[in-house]
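Undergrad: See target_33.pdb below, with PDB, C-alpha atoms.
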ATOM      1  CA  MET A   1     -46.444  44.069 167.632
ATOM      2  CA  THR A   2     -47.003  47.818 167.640
ATOM      3  CA  ARG A   3     -50.397  48.889 168.898
ATOM      4  CA  ARG A   4     -52.187  51.797 167.282
ATOM      5  CA  THR A   5     -52.586  53.614 170.565
ATOM      6  CA  ASP A   6     -48.820  53.513 171.144
ATOM      7  CA  TRP A   7     -48.409  56.248 168.516
ATOM      8  CA  ALA A   8     -51.190  58.555 169.632
ATOM      9  CA  GLU A   9     -48.767  60.916 171.357
ATOM     10  CA  TYR A  10     -46.869  61.400 168.108
ATOM     11  CA  THR A  11     -49.923  61.974 165.929
ATOM     12  CA  SER A  12     -51.313  64.679 168.169
ATOM     13  CA  GLY A  13     -48.852  67.228 166.865
ATOM     14  CA  SER A  14     -46.862  67.637 170.057
ATOM     15  CA  ALA A  15     -43.447  66.059 169.899
ATOM     16  CA  GLY A  16     -42.450  64.034 172.863
ATOM     17  CA  PRO A  17     -38.972  63.799 174.321
ATOM     18  CA  GLY A  18     -38.370  60.517 172.478
ATOM     19  CA  ASP A  19     -39.008  61.826 168.930
ATOM     20  CA  ASP A  20     -35.423  62.882 168.243
ATOM     21  CA  ALA A  21     -34.075  59.567 169.450
ATOM     22  CA  TYR A  22     -36.556  57.727 167.271
ATOM     23  CA  GLY A  23     -35.563  59.815 164.199
ATOM     24  CA  ALA A  24     -31.858  59.287 164.809
ATOM     25  CA  ALA A  25     -32.288  55.537 165.069
ATOM     26  CA  ALA A  26     -34.294  55.450 161.830
ATOM     27  CA  ALA A  27     -31.710  57.534 159.963
ATOM     28  CA  SER A  28     -28.812  55.306 161.005
ATOM     29  CA  TYR A  29     -30.768  52.245 159.979
ATOM     30  CA  GLU A  30     -31.556  53.627 156.487
ATOM     31  CA  THR A  31     -27.912  54.504 155.755
ATOM     32  CA  ASP A  32     -26.585  51.096 156.740
ATOM     33  CA  PRO A  33     -24.458  49.817 153.773
ATOM     34  CA  SER A  34     -25.914  46.358 154.127
ATOM     35  CA  ALA A  35     -29.418  47.698 153.584
ATOM     36  CA  VAL A  36     -28.885  49.667 150.316
ATOM     37  CA  GLY A  37     -29.074  48.202 146.814
ATOM     38  CA  PRO A  38     -26.348  48.112 144.101
ATOM     39  CA  PRO A  39     -25.174  51.378 142.531
ATOM     40  CA  GLU A  40     -26.872  52.668 139.378
ATOM     41  CA  ASP A  41     -23.763  51.989 137.162
ATOM     42  CA  GLY A  42     -24.159  48.254 137.788
ATOM     43  CA  THR A  43     -20.678  47.817 139.304
ATOM     44  CA  ALA A  44     -20.283  45.219 141.943
ATOM     45  CA  ARG A  45     -19.823  46.338 145.508
ATOM     46  CA  HIS A  46     -18.279  44.402 148.348
ATOM     47  CA  GLY A  47     -20.996  42.927 150.482
ATOM     48  CA  ASP A  48     -23.671  43.046 147.746
ATOM     49  CA  GLY A  49     -24.131  39.289 147.962
ATOM     50  CA  GLU A  50     -24.730  39.517 151.657
ATOM     51  CA  ALA A  51     -27.136  42.360 151.081
ATOM     52  CA  ARG A  52     -29.016  40.349 148.453
ATOM     53  CA  ARG A  53     -29.063  37.250 150.618
ATOM     54  CA  GLY A  54     -30.346  39.343 153.511
ATOM     55  CA  GLY A  55     -32.780  41.226 151.292
ATOM     56  CA  GLY A  56     -35.750  39.351 152.619
ATOM     57  CA  ARG A  57     -34.894  40.367 156.104
ATOM     58  CA  GLY A  58     -34.237  43.941 155.066
ATOM     59  CA  ARG A  59     -37.534  44.204 153.222
ATOM     60  CA  GLY A  60     -39.318  42.633 156.162
ATOM     61  CA  ALA A  61     -37.844  45.118 158.573
ATOM     62  CA  GLY A  62     -38.446  47.960 156.155
ATOM     63  CA  GLY A  63     -42.038  46.854 155.673
ATOM     64  CA  ALA A  64     -42.624  46.716 159.375
ATOM     65  CA  ARG A  65     -41.033  50.132 159.685
ATOM     66  CA  GLY A  66     -43.189  51.468 156.895
ATOM     67  CA  ARG A  67     -46.333  50.136 158.464
ATOM     68  CA  GLY A  68     -45.311  51.693 161.756
ATOM     69  CA  ARG A  69     -44.856  55.057 159.986
ATOM     70  CA  ARG A  70     -48.227  54.802 158.276
ATOM     71  CA  GLU A  71     -49.908  53.904 161.523
ATOM     72  CA  ARG A  72     -48.201  56.805 163.198
ATOM     73  CA  ALA A  73     -49.217  59.239 160.501
ATOM     74  CA  GLU A  74     -52.822  58.072 160.152
ATOM     75  CA  PRO A  75     -55.292  60.349 161.937
ATOM     76  CA  SER A  76     -57.003  57.846 164.210
ATOM     77  CA  ALA A  77     -60.738  58.266 164.653
ATOM     78  CA  GLU A  78     -60.384  56.566 168.007
ATOM     79  CA  ASP A  79     -58.240  59.383 169.384
ATOM     80  CA  GLY A  80     -61.176  61.738 169.647
ATOM     81  CA  GLY A  81     -63.208  59.160 171.506
ATOM     82  CA  ALA A  82     -60.324  58.440 173.871
ATOM     83  CA  THR A  83     -59.872  62.148 174.549
ATOM     84  CA  SER A  84     -63.540  62.733 175.192
ATOM     85  CA  SER A  85     -63.792  59.759 177.548
ATOM     86  CA  SER A  86     -60.486  60.368 179.335
ATOM     87  CA  ARG A  87     -62.143  62.382 182.129
ATOM     88  CA  ALA A  88     -64.479  59.512 182.955
ATOM     89  CA  GLU A  89     -61.693  56.930 182.725
ATOM     90  CA  LYS A  90     -59.493  58.948 185.071
ATOM     91  CA  GLY A  91     -62.338  59.445 187.540
ATOM     92  CA  GLU A  92     -62.274  63.225 187.166
ATOM     93  CA  PRO A  93     -65.383  65.081 188.372
ATOM     94  CA  PRO A  94     -67.781  66.438 185.737
ATOM     95  CA  ARG A  95     -67.672  70.055 184.703
ATOM     96  CA  ASP A  96     -71.046  71.035 186.215
ATOM     97  CA  PRO A  97     -70.248  72.900 189.482
ATOM     98  CA  VAL A  98     -72.847  71.060 191.562
ATOM     99  CA  GLU A  99     -71.847  67.649 190.243
ATOM    100  CA  GLN A 100     -68.191  68.546 190.674
ATOM    101  CA  ALA A 101     -68.765  69.675 194.277
ATOM    102  CA  ARG A 102     -70.696  66.481 195.028
ATOM    103  CA  ALA A 103     -67.917  64.307 193.601
ATOM    104  CA  ILE A 104     -65.229  66.164 195.574
ATOM    105  CA  CYS A 105     -67.123  65.860 198.861
ATOM    106  CA  LEU A 106     -67.866  62.168 198.378
ATOM    107  CA  ARG A 107     -64.207  61.493 197.630
ATOM    108  CA  LEU A 108     -63.047  63.374 200.727
ATOM    109  CA  LEU A 109     -65.593  61.653 202.956
ATOM    110  CA  THR A 110     -64.563  58.183 201.836
ATOM    111  CA  GLY A 111     -63.152  56.473 204.908
ATOM    112  CA  THR A 112     -62.660  59.735 206.862
ATOM    113  CA  PRO A 113     -65.396  61.862 208.477
ATOM    114  CA  ARG A 114     -64.957  65.595 207.954
ATOM    115  CA  THR A 115     -66.615  68.725 209.232
ATOM    116  CA  ARG A 116     -68.620  71.087 207.072
ATOM    117  CA  ARG A 117     -65.877  73.708 207.372
ATOM    118  CA  GLN A 118     -63.235  71.274 206.114
ATOM    119  CA  LEU A 119     -65.312  70.384 203.059
ATOM    120  CA  ALA A 120     -66.164  74.030 202.388
ATOM    121  CA  ASP A 121     -62.477  74.941 202.476
ATOM    122  CA  ALA A 122     -61.692  72.107 200.057
ATOM    123  CA  LEU A 123     -64.374  73.281 197.612
ATOM    124  CA  ARG A 124     -63.131  76.847 197.838
ATOM    125  CA  LYS A 125     -59.576  75.767 197.019
ATOM    126  CA  ARG A 126     -60.924  74.004 193.920
ATOM    127  CA  GLU A 127     -62.740  77.225 192.926
ATOM    128  CA  ILE A 128     -66.242  75.782 193.200
ATOM    129  CA  PRO A 129     -68.806  78.636 193.142
ATOM    130  CA  ASP A 130     -70.183  79.479 196.583
ATOM    131  CA  GLU A 131     -73.780  78.841 195.536
ATOM    132  CA  ALA A 132     -73.013  75.333 194.257
ATOM    133  CA  ALA A 133     -70.903  74.547 197.339
ATOM    134  CA  GLU A 134     -73.626  75.719 199.715
ATOM    135  CA  ASP A 135     -76.243  73.663 197.872
ATOM    136  CA  VAL A 136     -74.194  70.451 198.092
ATOM    137  CA  LEU A 137     -73.065  70.949 201.696
ATOM    138  CA  SER A 138     -76.609  71.639 202.899
ATOM    139  CA  ARG A 139     -77.888  68.563 201.101
ATOM    140  CA  PHE A 140     -75.147  66.431 202.628
ATOM    141  CA  GLU A 141     -76.139  67.675 206.094
ATOM    142  CA  GLU A 142     -79.777  66.787 205.429
ATOM    143  CA  VAL A 143     -78.959  63.187 204.582
ATOM    144  CA  GLY A 144     -76.432  62.834 207.428
ATOM    145  CA  LEU A 145     -73.234  62.647 205.397
ATOM    146  CA  ILE A 146     -72.062  65.746 207.299
ATOM    147  CA  ASN A 147     -72.676  65.738 211.054
ATOM    148  CA  ASP A 148     -70.410  68.044 213.047
ATOM    149  CA  GLY A 149     -71.932  66.934 216.363
ATOM    150  CA  ALA A 150     -71.174  63.272 215.733
ATOM    151  CA  PHE A 151     -67.756  64.213 214.400
ATOM    152  CA  ALA A 152     -66.919  66.113 217.613
ATOM    153  CA  GLU A 153     -68.034  63.256 219.852
ATOM    154  CA  ALA A 154     -66.031  60.683 217.905
ATOM    155  CA  TRP A 155     -63.000  62.985 217.887
ATOM    156  CA  VAL A 156     -63.095  63.415 221.673
ATOM    157  CA  GLU A 157     -63.473  59.678 222.252
ATOM    158  CA  SER A 158     -60.640  58.758 219.898
ATOM    159  CA  ARG A 159     -58.128  61.438 220.840
ATOM    160  CA  HIS A 160     -58.638  61.134 224.578
ATOM    161  CA  HIS A 161     -58.166  57.372 224.700
ATOM    162  CA  GLY A 162     -55.604  57.231 221.895
ATOM    163  CA  ARG A 163     -53.441  60.261 222.686
ATOM    164  CA  GLY A 164     -54.472  61.054 226.255
ATOM    165  CA  LEU A 165     -55.588  64.588 225.367
ATOM    166  CA  ALA A 166     -57.533  66.553 227.968
ATOM    167  CA  ARG A 167     -60.677  68.582 227.382
ATOM    168  CA  ARG A 168     -58.836  71.829 226.781
ATOM    169  CA  ALA A 169     -56.635  70.384 224.033
ATOM    170  CA  LEU A 170     -59.558  68.575 222.438
ATOM    171  CA  ALA A 171     -61.631  71.749 222.316
ATOM    172  CA  ARG A 172     -58.730  73.594 220.693
ATOM    173  CA  GLU A 173     -58.403  70.947 217.977
ATOM    174  CA  LEU A 174     -62.117  70.974 217.234
ATOM    175  CA  ARG A 175     -62.117  74.762 216.900
ATOM    176  CA  THR A 176     -59.407  74.556 214.243
ATOM    177  CA  LYS A 177     -61.684  72.184 212.294
ATOM    178  CA  GLY A 178     -64.533  74.659 212.309
ATOM    179  CA  VAL A 179     -66.856  72.908 214.749
ATOM    180  CA  ASP A 180     -69.404  75.182 216.400
ATOM    181  CA  ALA A 181     -68.662  76.132 220.012
ATOM    182  CA  THR A 182     -71.960  74.664 221.252
ATOM    183  CA  LEU A 183     -71.148  71.292 219.689
ATOM    184  CA  ILE A 184     -67.625  71.408 221.137
ATOM    185  CA  ASP A 185     -68.920  72.026 224.651
ATOM    186  CA  ALA A 186     -71.357  69.150 224.335
ATOM    187  CA  ALA A 187     -68.639  66.783 223.107
ATOM    188  CA  VAL A 188     -65.949  67.600 225.692
ATOM    189  CA  SER A 189     -68.464  67.552 228.540
ATOM    190  CA  ARG A 190     -68.671  63.788 228.025
ATOM    191  CA  LEU A 191     -65.279  63.677 229.781
ATOM    192  CA  ASP A 192     -65.625  64.408 233.487
ATOM    193  CA  THR A 193     -62.838  65.560 235.799
ATOM    194  CA  GLU A 194     -62.459  62.148 237.395
ATOM    195  CA  GLN A 195     -61.904  60.411 234.071
ATOM    196  CA  GLU A 196     -59.510  63.131 232.964
ATOM    197  CA  GLU A 197     -57.390  62.761 236.113
ATOM    198  CA  GLU A 198     -57.313  58.981 235.749
ATOM    199  CA  THR A 199     -55.932  59.363 232.226
ATOM    200  CA  ALA A 200     -53.324  61.825 233.521
ATOM    201  CA  ARG A 201     -52.152  59.262 236.081
ATOM    202  CA  ASP A 202     -51.768  56.636 233.385
ATOM    203  CA  LEU A 203     -49.693  59.017 231.264
ATOM    204  CA  VAL A 204     -47.369  59.849 234.173
ATOM    205  CA  ALA A 205     -46.969  56.180 235.100
ATOM    206  CA  ARG A 206     -45.828  55.366 231.539
ATOM    207  CA  LYS A 207     -43.312  58.238 231.485
ATOM    208  CA  LEU A 208     -42.069  57.968 235.060
ATOM    209  CA  ARG A 209     -39.403  55.347 234.389
ATOM    210  CA  ALA A 210     -37.773  57.507 231.696
ATOM    211  CA  THR A 211     -37.149  60.268 234.271
ATOM    212  CA  ARG A 212     -35.368  58.110 236.826
ATOM    213  CA  GLY A 213     -31.849  59.333 237.466
ATOM    214  CA  LEU A 214     -32.832  62.994 237.143
ATOM    215  CA  ASP A 215     -33.108  65.228 240.168
ATOM    216  CA  ARG A 216     -36.521  65.745 241.717
ATOM    217  CA  ASP A 217     -37.188  69.213 240.274
ATOM    218  CA  LYS A 218     -36.361  68.140 236.721
ATOM    219  CA  ARG A 219     -38.612  65.122 237.006
ATOM    220  CA  LEU A 220     -41.443  67.310 238.203
ATOM    221  CA  ARG A 221     -41.021  69.840 235.385
ATOM    222  CA  ARG A 222     -40.711  67.195 232.696
ATOM    223  CA  LEU A 223     -43.730  65.182 233.751
ATOM    224  CA  ALA A 224     -45.944  68.159 234.534
ATOM    225  CA  GLY A 225     -44.907  69.799 231.257
ATOM    226  CA  MET A 226     -45.956  66.695 229.356
ATOM    227  CA  LEU A 227     -49.408  66.886 230.915
ATOM    228  CA  ALA A 228     -49.693  70.605 230.249
ATOM    229  CA  ARG A 229     -48.989  70.083 226.533
ATOM    230  CA  LYS A 230     -51.861  67.607 226.431
ATOM    231  CA  GLY A 231     -54.216  70.190 227.859
ATOM    232  CA  TYR A 232     -54.366  69.237 231.533
ATOM    233  CA  PRO A 233     -54.852  72.072 234.043
ATOM    234  CA  GLU A 234     -51.709  73.074 235.935
ATOM    235  CA  GLY A 235     -53.138  72.251 239.349
ATOM    236  CA  MET A 236     -54.152  68.756 238.304
ATOM    237  CA  ALA A 237     -50.822  68.145 236.573
ATOM    238  CA  LEU A 238     -48.794  69.108 239.649
ATOM    239  CA  ARG A 239     -50.957  67.058 241.987
ATOM    240  CA  VAL A 240     -50.750  63.924 239.843
ATOM    241  CA  VAL A 241     -46.970  64.214 239.389
ATOM    242  CA  ARG A 242     -46.309  64.820 243.101
ATOM    243  CA  GLN A 243     -48.306  61.760 244.031
ATOM    244  CA  ALA A 244     -46.407  59.639 241.516
ATOM    245  CA  LEU A 245     -43.043  60.874 242.822
ATOM    246  CA  GLU A 246     -44.052  60.270 246.434
ATOM    247  CA  GLU A 247     -44.969  56.677 245.581
ATOM    248  CA  GLU A 248     -41.377  56.249 244.370
ATOM    249  CA  GLY A 249     -39.993  57.626 247.629
ATOM    250  CA  GLU A 250     -39.282  61.200 246.523
ATOM    251  CA  ASP A 251     -39.666  63.911 249.166
ATOM    252  CA  THR A 252     -42.073  66.512 247.773
ATOM    253  CA  GLU A 253     -42.851  68.359 251.002
ATOM    254  CA  TYR A 254     -40.885  71.455 250.066
ATOM    255  CA  LEU A 255     -41.505  71.200 246.363
ATOM    256  CA  GLY A 256     -43.333  74.366 245.406
ATOM    257  CA  ASP A 257     -45.284  75.258 242.297
ATOM    258  CA  GLU A 258     -42.281  77.142 240.959
ATOM    259  CA  GLY A 259     -40.824  73.775 239.994
ATOM    260  CA  PHE A 260     -43.401  73.604 237.192
TER     261      PHE A 260
END
Would you encode the structure as structure tokens?

TA:
Amino acid sequence: MTRRTDWAEYTSGSAGPGDDAYGAAAASYETDPSAVGPPEDGTARHGDGEARRGGGRGRGAGGARGRGRRERAEPSAEDGGATSSSRAEKGEPPRDPVEQARAICLRLLTGTPRTRRQLADALRKREIPDEAAEDVLSRFEEVGLINDGAFAEAWVESRHHGRGLARRALARELRTKGVDATLIDAAVSRLDTEQEEETARDLVARKLRATRGLDRDKRLRRLAGMLARKGYPEGMALRVVRQALEEEGEDTEYLGDEGF
């Protein structure tokens, strides 16, 4: 059964890509010899009996086709309602700048904490006026939906234990997210040097086996380079790698810093 809403795209005045195909199929159906009646001069035509016997089916199909055409051509009063409510059905934000900014921020904060800078950049990309954006962001800070200090602390905790990043790398990441320098210092200071070095040892222990078979200098450069990319100071990286190599029996007495 054809639903009324199936034809809305054709009644709107904009032809879809399937219109030509639909017209071609209808034209071929209407010119089918088995569907036309006898000629006006009354002469018999081969196949007329079959056409008459199948007339009920032809009229049924034609009637259904006619109803489909009428339904397609009728200006549906429901179309306007569907158009006006389509924004709500699709979950699109309202047109008011403040309401739109609020909806965008809530959507971005769902399941993922974000800094004020990240939300401000998102609102700017969506061309939200600065005044409306500032109003919403300040309100979100008041109620605790935006908290850059808590974000920085959680980021340090997660990235240090999950990725083994040192304080220097963590501070760099937080700066790119727009966190204030004071909040960054407070967050990374939760990691002390002893904890940082312990994490560096764990990283080297996990990578040490993959370097076996290489000469001593290459092992040193590869392991120390890995720590440097994660933000560990050069002195700490070299010390941790030397100790790991010595535990495996490598002679590091004459291994200078130039190896790094």

Undergrad: Hey, can you check how far CA of Glu247 (chain A) sits from CA of Tyr232 (chain A)?

TA: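 The value is 21.1 Å.
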
Undergrad: Quote the spacing between CA of Asp130 (chain A) and CA of Ala103 (chain A) in Å to one decimal place.

TA: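 CA of Ala103 (chain A) lies 15.6 Å from CA of Asp130 (chain A).
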
Undergrad: Expanded to explicit residues, what is the PyMOL selection byres ((chain A and resi 171) around 9) for this file, as a PyMOL selection string?

TA: chain A and resi 156+166-170+172-176+181+184-185+187-188

Undergrad: Going by the chain IDs and residue numbers used in this file, which residues fall under the PyMOL selection byres ((chain A and resi 248) around 12)? Write them as a PyMOL selection string.

TA: chain A and resi 205+208-209+211-212+216+219+241-247+249-252

Undergrad: Which is closest to Leu227 (chain A) among A:Cys105, A:Ala122, A:Leu214, A:Val204, if we use all atoms listed in the file?

TA: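 Ranking A:Cys105, A:Ala122, A:Leu214, A:Val204 by distance to Leu227 (chain A), first place goes to A:Val204.
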